[in-house]
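Chemist: Pasting data34.txt below, which is compact mmCIF, C-alpha atoms.
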```txt
# COMPACT_ATOMS: atom_id res chain seq x y z
CA MET A 1 -16.35 -1.89 9.68
CA LEU A 2 -13.51 -0.41 7.65
CA ALA A 3 -11.66 -3.67 6.94
CA PRO A 4 -13.03 -6.72 8.81
CA PHE A 5 -10.30 -9.25 9.49
CA ASN A 6 -12.43 -12.08 8.06
CA LEU A 7 -11.76 -10.56 4.63
CA GLN A 8 -8.10 -11.54 4.75
CA ALA A 9 -6.68 -14.14 2.36
CA ASP A 10 -6.02 -17.68 3.58
CA PHE A 11 -2.24 -17.16 3.42
CA ASP A 12 -2.33 -13.96 5.44
CA ASN A 13 -1.79 -13.19 9.12
CA SER A 14 -3.73 -10.05 9.92
CA GLY A 15 -5.13 -9.02 13.29
CA LEU A 16 -3.73 -8.33 16.74
CA LEU A 17 -0.39 -10.13 16.44
CA ILE A 18 1.29 -8.89 19.62
CA GLY A 19 -0.34 -7.74 22.84
CA ALA A 20 -3.63 -8.23 24.64
CA SER A 21 -7.02 -7.12 23.35
CA ASP A 22 -7.80 -5.49 26.72
CA GLN A 23 -4.56 -3.48 26.82
CA PRO A 24 -5.32 0.21 27.53
CA VAL A 25 -4.37 2.48 24.63
CA LYS A 26 -3.87 6.24 24.73
CA SER A 27 -1.67 6.75 21.66
CA ILE A 28 -1.14 4.89 18.38
CA LEU A 29 1.66 4.96 15.83
CA LEU A 30 0.83 4.26 12.17
CA ALA A 31 3.42 2.72 9.83
CA LEU A 32 3.24 0.69 6.64
CA ASP A 33 5.85 -1.71 8.08
CA ILE A 34 6.95 -2.46 11.63
CA THR A 35 10.74 -2.28 11.49
CA SER A 36 13.21 -1.99 14.34
CA GLU A 37 13.40 1.75 13.66
CA VAL A 38 9.62 2.05 13.89
CA VAL A 39 9.50 0.17 17.21
CA GLU A 40 12.27 2.41 18.57
CA GLU A 41 10.26 5.42 17.45
CA ALA A 42 7.18 4.01 19.21
CA VAL A 43 9.16 3.51 22.44
CA ASN A 44 10.48 7.08 22.32
CA LEU A 45 6.98 8.43 21.69
CA GLY A 46 5.50 6.35 24.49
CA VAL A 47 2.73 4.81 22.38
CA GLN A 48 0.93 1.62 23.40
CA LEU A 49 0.03 0.30 19.94
CA ILE A 50 1.41 0.25 16.41
CA ILE A 51 -1.00 -0.23 13.52
CA SER A 52 0.64 -1.38 10.30
CA HIS A 53 -0.39 -2.68 6.90
CA HIS A 54 2.22 -5.41 6.56
CA PRO A 55 2.19 -8.09 9.29
CA VAL A 56 5.12 -8.01 11.70
CA ILE A 57 4.64 -11.81 11.95
CA PHE A 58 3.79 -13.30 8.57
CA LYS A 59 5.08 -16.86 8.72
CA PRO A 60 5.26 -19.03 11.87
CA LEU A 61 8.30 -18.14 13.97
CA LYS A 62 10.62 -20.88 15.20
CA HIS A 63 13.05 -18.41 16.75
CA ILE A 64 12.81 -14.77 17.88
CA GLU A 65 16.03 -12.93 17.22
CA THR A 66 17.23 -10.53 19.92
CA ASN A 67 16.44 -6.91 18.97
CA SER A 68 14.21 -7.98 16.10
CA PRO A 69 10.96 -5.99 15.78
CA VAL A 70 8.99 -8.81 17.45
CA ASP A 71 11.47 -9.04 20.33
CA MET A 72 11.47 -5.26 20.79
CA LEU A 73 7.67 -5.10 20.81
CA ILE A 74 7.33 -7.83 23.41
CA LYS A 75 10.00 -6.32 25.69
CA SER A 76 8.50 -2.83 25.44
CA GLY A 77 4.92 -3.99 25.97
CA ILE A 78 3.76 -2.32 22.74
CA GLY A 79 1.00 -4.07 20.81
CA ALA A 80 0.93 -4.67 17.06
CA LEU A 81 -2.29 -4.60 15.06
CA CYS A 82 -1.73 -5.47 11.39
CA ALA A 83 -4.31 -5.01 8.63
CA HIS A 84 -2.95 -6.57 5.45
CA THR A 85 -5.09 -8.29 2.81
CA ASN A 86 -8.28 -7.47 4.71
CA LEU A 87 -7.41 -3.83 3.97
CA ASP A 88 -6.40 -4.68 0.39
CA PHE A 89 -9.83 -6.28 -0.14
CA ALA A 90 -11.89 -3.64 1.70
CA GLU A 91 -14.28 -1.27 -0.05
CA HIS A 92 -11.85 1.63 0.37
CA ASN A 93 -8.67 -0.35 -0.24
CA THR A 94 -5.06 0.44 -1.09
CA SER A 95 -5.76 0.68 -4.83
CA VAL A 96 -8.69 3.03 -4.25
CA CYS A 97 -6.49 5.24 -2.07
CA LEU A 98 -3.77 5.29 -4.74
CA CYS A 99 -6.30 6.15 -7.43
CA ASN A 100 -7.76 8.99 -5.36
CA LYS A 101 -4.31 10.32 -4.46
CA LEU A 102 -3.44 10.59 -8.16
CA GLY A 103 -6.67 12.46 -8.87
CA ILE A 104 -8.04 9.73 -11.13
CA LYS A 105 -11.81 9.18 -11.16
CA ILE A 106 -12.76 5.58 -10.36
CA ARG A 107 -14.80 3.95 -13.13
CA GLU A 108 -15.02 0.36 -11.90
CA LYS A 109 -13.45 -2.25 -9.64
CA PHE A 110 -12.17 -5.65 -10.74
CA GLU A 111 -11.25 -8.78 -8.83
CA LEU A 112 -10.77 -8.14 -5.10
CA CYS A 113 -8.32 -5.29 -5.08
CA GLY A 114 -8.05 -3.63 -8.48
CA VAL A 115 -9.64 -0.49 -9.86
CA ILE A 116 -10.04 1.11 -13.28
CA GLY A 117 -9.85 4.88 -13.28
CA GLU A 118 -10.16 7.52 -15.96
CA PHE A 119 -8.99 11.05 -16.58
CA ASP A 120 -11.41 13.69 -17.86
CA ILE A 121 -9.16 14.20 -20.88
CA GLU A 122 -6.37 12.23 -22.53
CA ILE A 123 -2.92 13.06 -21.21
CA THR A 124 0.62 12.34 -22.36
CA THR A 125 3.01 9.94 -20.66
CA LYS A 126 5.13 12.93 -19.65
CA LYS A 127 2.17 14.56 -17.93
CA PHE A 128 1.27 11.33 -16.16
CA ILE A 129 4.83 10.99 -14.86
CA GLU A 130 4.62 14.54 -13.48
CA ILE A 131 1.37 13.71 -11.68
CA ILE A 132 2.83 10.57 -10.10
CA LYS A 133 6.00 12.31 -8.94
CA ASN A 134 4.18 15.33 -7.54
CA MET A 135 1.31 13.51 -5.82
CA LEU A 136 3.33 10.60 -4.41
CA ASN A 137 6.52 12.53 -3.70
CA CYS A 138 8.67 9.99 -5.53
CA GLN A 139 11.49 10.87 -7.88
CA SER A 140 12.13 7.62 -9.72
CA PHE A 141 10.21 4.57 -10.89
CA ARG A 142 10.17 2.17 -13.84
CA TYR A 143 7.79 2.69 -16.74
CA THR A 144 7.19 1.78 -20.36
CA ASP A 145 5.96 4.18 -23.02
CA SER A 146 3.87 3.09 -26.00
CA GLY A 147 3.66 6.65 -27.27
CA ASN A 148 -0.13 6.68 -26.92
CA LEU A 149 -2.19 9.13 -24.90
CA ILE A 150 -3.58 7.96 -21.56
CA LYS A 151 -7.27 8.13 -20.63
CA ASN A 152 -8.05 4.91 -18.71
CA VAL A 153 -5.74 3.47 -16.05
CA ALA A 154 -5.75 0.13 -14.20
CA ILE A 155 -4.42 0.24 -10.64
CA VAL A 156 -3.40 -2.55 -8.28
CA ALA A 157 -1.28 -1.32 -5.37
CA GLY A 158 1.49 -3.54 -4.01
CA ALA A 159 2.46 -6.76 -5.78
CA GLY A 160 -0.15 -6.48 -8.51
CA GLY A 161 1.74 -7.77 -11.53
CA ASP A 162 -0.09 -11.09 -11.60
CA TYR A 163 -3.34 -9.29 -12.34
CA ILE A 164 -2.15 -8.47 -15.86
CA ASN A 165 -4.38 -11.20 -17.37
CA TYR A 166 -7.46 -9.35 -16.13
CA ILE A 167 -6.11 -5.98 -17.17
CA LEU A 168 -5.44 -7.12 -20.73
CA LYS A 169 -9.22 -7.56 -21.09
CA LYS A 170 -9.89 -3.98 -20.01
CA ASP A 171 -9.96 -0.82 -22.09
CA VAL A 172 -6.93 0.83 -20.50
CA GLN A 173 -3.79 2.50 -21.77
CA ALA A 174 -1.75 2.22 -18.57
CA PHE A 175 -1.31 -0.03 -15.54
CA ILE A 176 0.05 1.25 -12.20
CA THR A 177 1.32 -1.22 -9.63
CA GLY A 178 4.03 -1.68 -7.04
CA GLU A 179 5.75 -4.76 -8.45
CA ILE A 180 5.56 -6.63 -11.74
CA LYS A 181 7.69 -9.40 -13.27
CA HIS A 182 9.55 -9.11 -16.56
CA ASN A 183 7.33 -11.54 -18.48
CA LYS A 184 4.23 -9.64 -17.38
CA ILE A 185 5.74 -6.41 -18.65
CA LEU A 186 6.29 -8.05 -22.04
CA GLU A 187 2.63 -9.17 -22.13
CA ALA A 188 1.55 -5.61 -21.43
CA ASN A 189 3.92 -4.27 -24.08
CA SER A 190 2.39 -6.60 -26.67
CA ALA A 191 -1.06 -5.29 -25.80
CA GLY A 192 0.05 -1.65 -25.98
CA ILE A 193 -0.51 -1.10 -22.25
CA MET A 194 2.06 1.08 -20.51
CA ILE A 195 3.46 -0.08 -17.16
CA PHE A 196 4.22 2.23 -14.25
CA GLU A 197 6.02 0.23 -11.53
CA LEU A 198 6.22 2.50 -8.49
CA GLY A 199 7.70 0.12 -5.96
CA HIS A 200 5.72 -1.71 -3.26
CA TYR A 201 6.23 0.92 -0.56
CA VAL A 202 5.30 3.94 -2.67
CA SER A 203 2.21 2.30 -4.13
CA GLU A 204 0.79 1.27 -0.74
CA ASN A 205 1.94 3.91 1.73
CA VAL A 206 -0.97 6.14 0.69
CA ILE A 207 -3.32 3.92 2.70
CA MET A 208 -1.68 5.06 5.94
CA SER A 209 -2.73 8.69 5.42
CA TYR A 210 -6.28 7.48 4.85
CA LEU A 211 -6.18 5.40 8.05
CA TYR A 212 -4.80 8.40 9.92
CA GLU A 213 -7.79 10.55 8.96
CA ILE A 214 -10.29 7.79 9.73
CA LEU A 215 -8.82 7.08 13.17
CA LYS A 216 -8.43 10.78 14.01
CA ASN A 217 -12.12 11.39 13.31
CA LYS A 218 -13.38 8.24 15.03
CA PHE A 219 -11.15 8.32 18.13
CA SER A 220 -10.70 11.98 19.02
CA ASN A 221 -9.60 10.98 22.52
CA LEU A 222 -6.56 9.09 21.22
CA ASP A 223 -3.25 10.52 20.04
CA ILE A 224 -2.78 9.22 16.49
CA ILE A 225 0.75 9.63 15.09
CA MET A 226 2.16 8.93 11.63
CA SER A 227 5.61 7.35 11.67
CA SER A 228 8.38 9.65 10.52
CA VAL A 229 11.01 6.92 10.17
CA VAL A 230 9.31 4.11 8.22
CA SER A 231 10.95 3.54 4.83
CA ASP A 232 11.88 0.74 2.45
CA LYS A 233 15.38 2.30 2.26
CA ILE A 234 15.49 1.94 -1.51
CA PHE A 235 17.47 4.49 -3.51
CA TYR A 236 17.89 4.84 -7.26
CA ALA A 237 21.37 5.50 -8.65
```
Could you rewrite the structure in this file as structure tokens?

Modeler:
Amino acid sequence: MLAPFNLQADFDNSGLLIGASDQPVKSILLALDITSEVVEEAVNLGVQLIISHHPVIFKPLKHIETNSPVDMLIKSGIGALCAHTNLDFAEHNTSVCLCNKLGIKIREKFELCGVIGEFDIEITTKKFIEIIKNMLNCQSFRYTDSGNLIKNVAIVAGAGGDYINYILKKDVQAFITGEIKHNKILEANSAGIMIFELGHYVSENVIMSYLYEILKNKFSNLDIIMSSVVSDKIFYA
């Protein structure tokens, strides 16, 4: 299996969160997050199932707000299948997808969801920034610059800042992640490791394109659609 649900972390809530397992499905919408806009898109497209990375129900609900994504899904009869940490911990996980998207050759994996990649030749920070912007279609992100050339890169998609203690033990010049705290950045600075903080959405959304290709090839009888409205709605001034 691609990402068995028994791989998920204890705190997680992955699986079929809304709908019945025997519900007939002819078309599927893929989105990193299930927002109200995504559910509306699904209704307009007439799909029966949304597959997302982030769970539409993460913590126990004591109240369902009218017109919330959960409420809209239930009323419309659209199911929600969410693959979160089980996908992060899978063999071909979010970090692997991010590494491949950036054209970085994978050298090794560490912990459950991190990878170390390497370029064929050393590159400058400026060149690395160009690669990230071009390959991920993002215009702005936070980074630090030690002034050194980059050959080896650690990658943890999403909220990977807490993995810095493992990365400090690795022979890398840069660390790419979605989110990292200030004190972790300072630790990396002291070790001469450059930080490239892309934002959670940008660092993980690459997995959806991978899922699209997998599902398209495996279920040729289904209509698989990538969401055109999903977004974290973050802008940089």

Chemist: Ranking A:Glu91, A:Asp162, A:Glu65, A:Asp232 by minimum distance to Ser203 (chain A) and counting only C-alpha atoms, which one comes first?

Modeler: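 Nearest candidate to Ser203 (chain A) out of A:Glu91, A:Asp162, A:Glu65, A:Asp232: A:Asp232.
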
Chemist: Rounded to one decimal, what separation in Å do you get between CA of Tyr143 (chain A) and CA of Ile195 (chain A)?

Modeler: 5.2 Å

Chemist: Quote the spacing between CA of Ser36 (chain A) and CA of Gly15 (chain A) in Å to one decimal place.

Modeler: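 For CA of Ser36 (chain A) relative to CA of Gly15 (chain A), the distance reads 19.7 Å.
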
Chemist: Would you mind listing what lies within 9 Å of Glu187 (chain A) as JSON, numbers by chain, with only C-alpha atoms counted and same-chain residues fewer than 6 positions away left out?

Modeler: {"A": [164, 165, 168, 193]}

Chemist: Mind checking which residues fall within 8 Å of region 99-101 of chain A, counting only C-alpha atoms, ignoring those fewer than 5 positions away in the same chain, and posting them as a list of chain:residue names?

Modeler: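 Non-adjacent residues within range: A:Ile106, A:Val115, A:Gly117, A:Met135, A:Leu136, A:Ile155, A:Val206.
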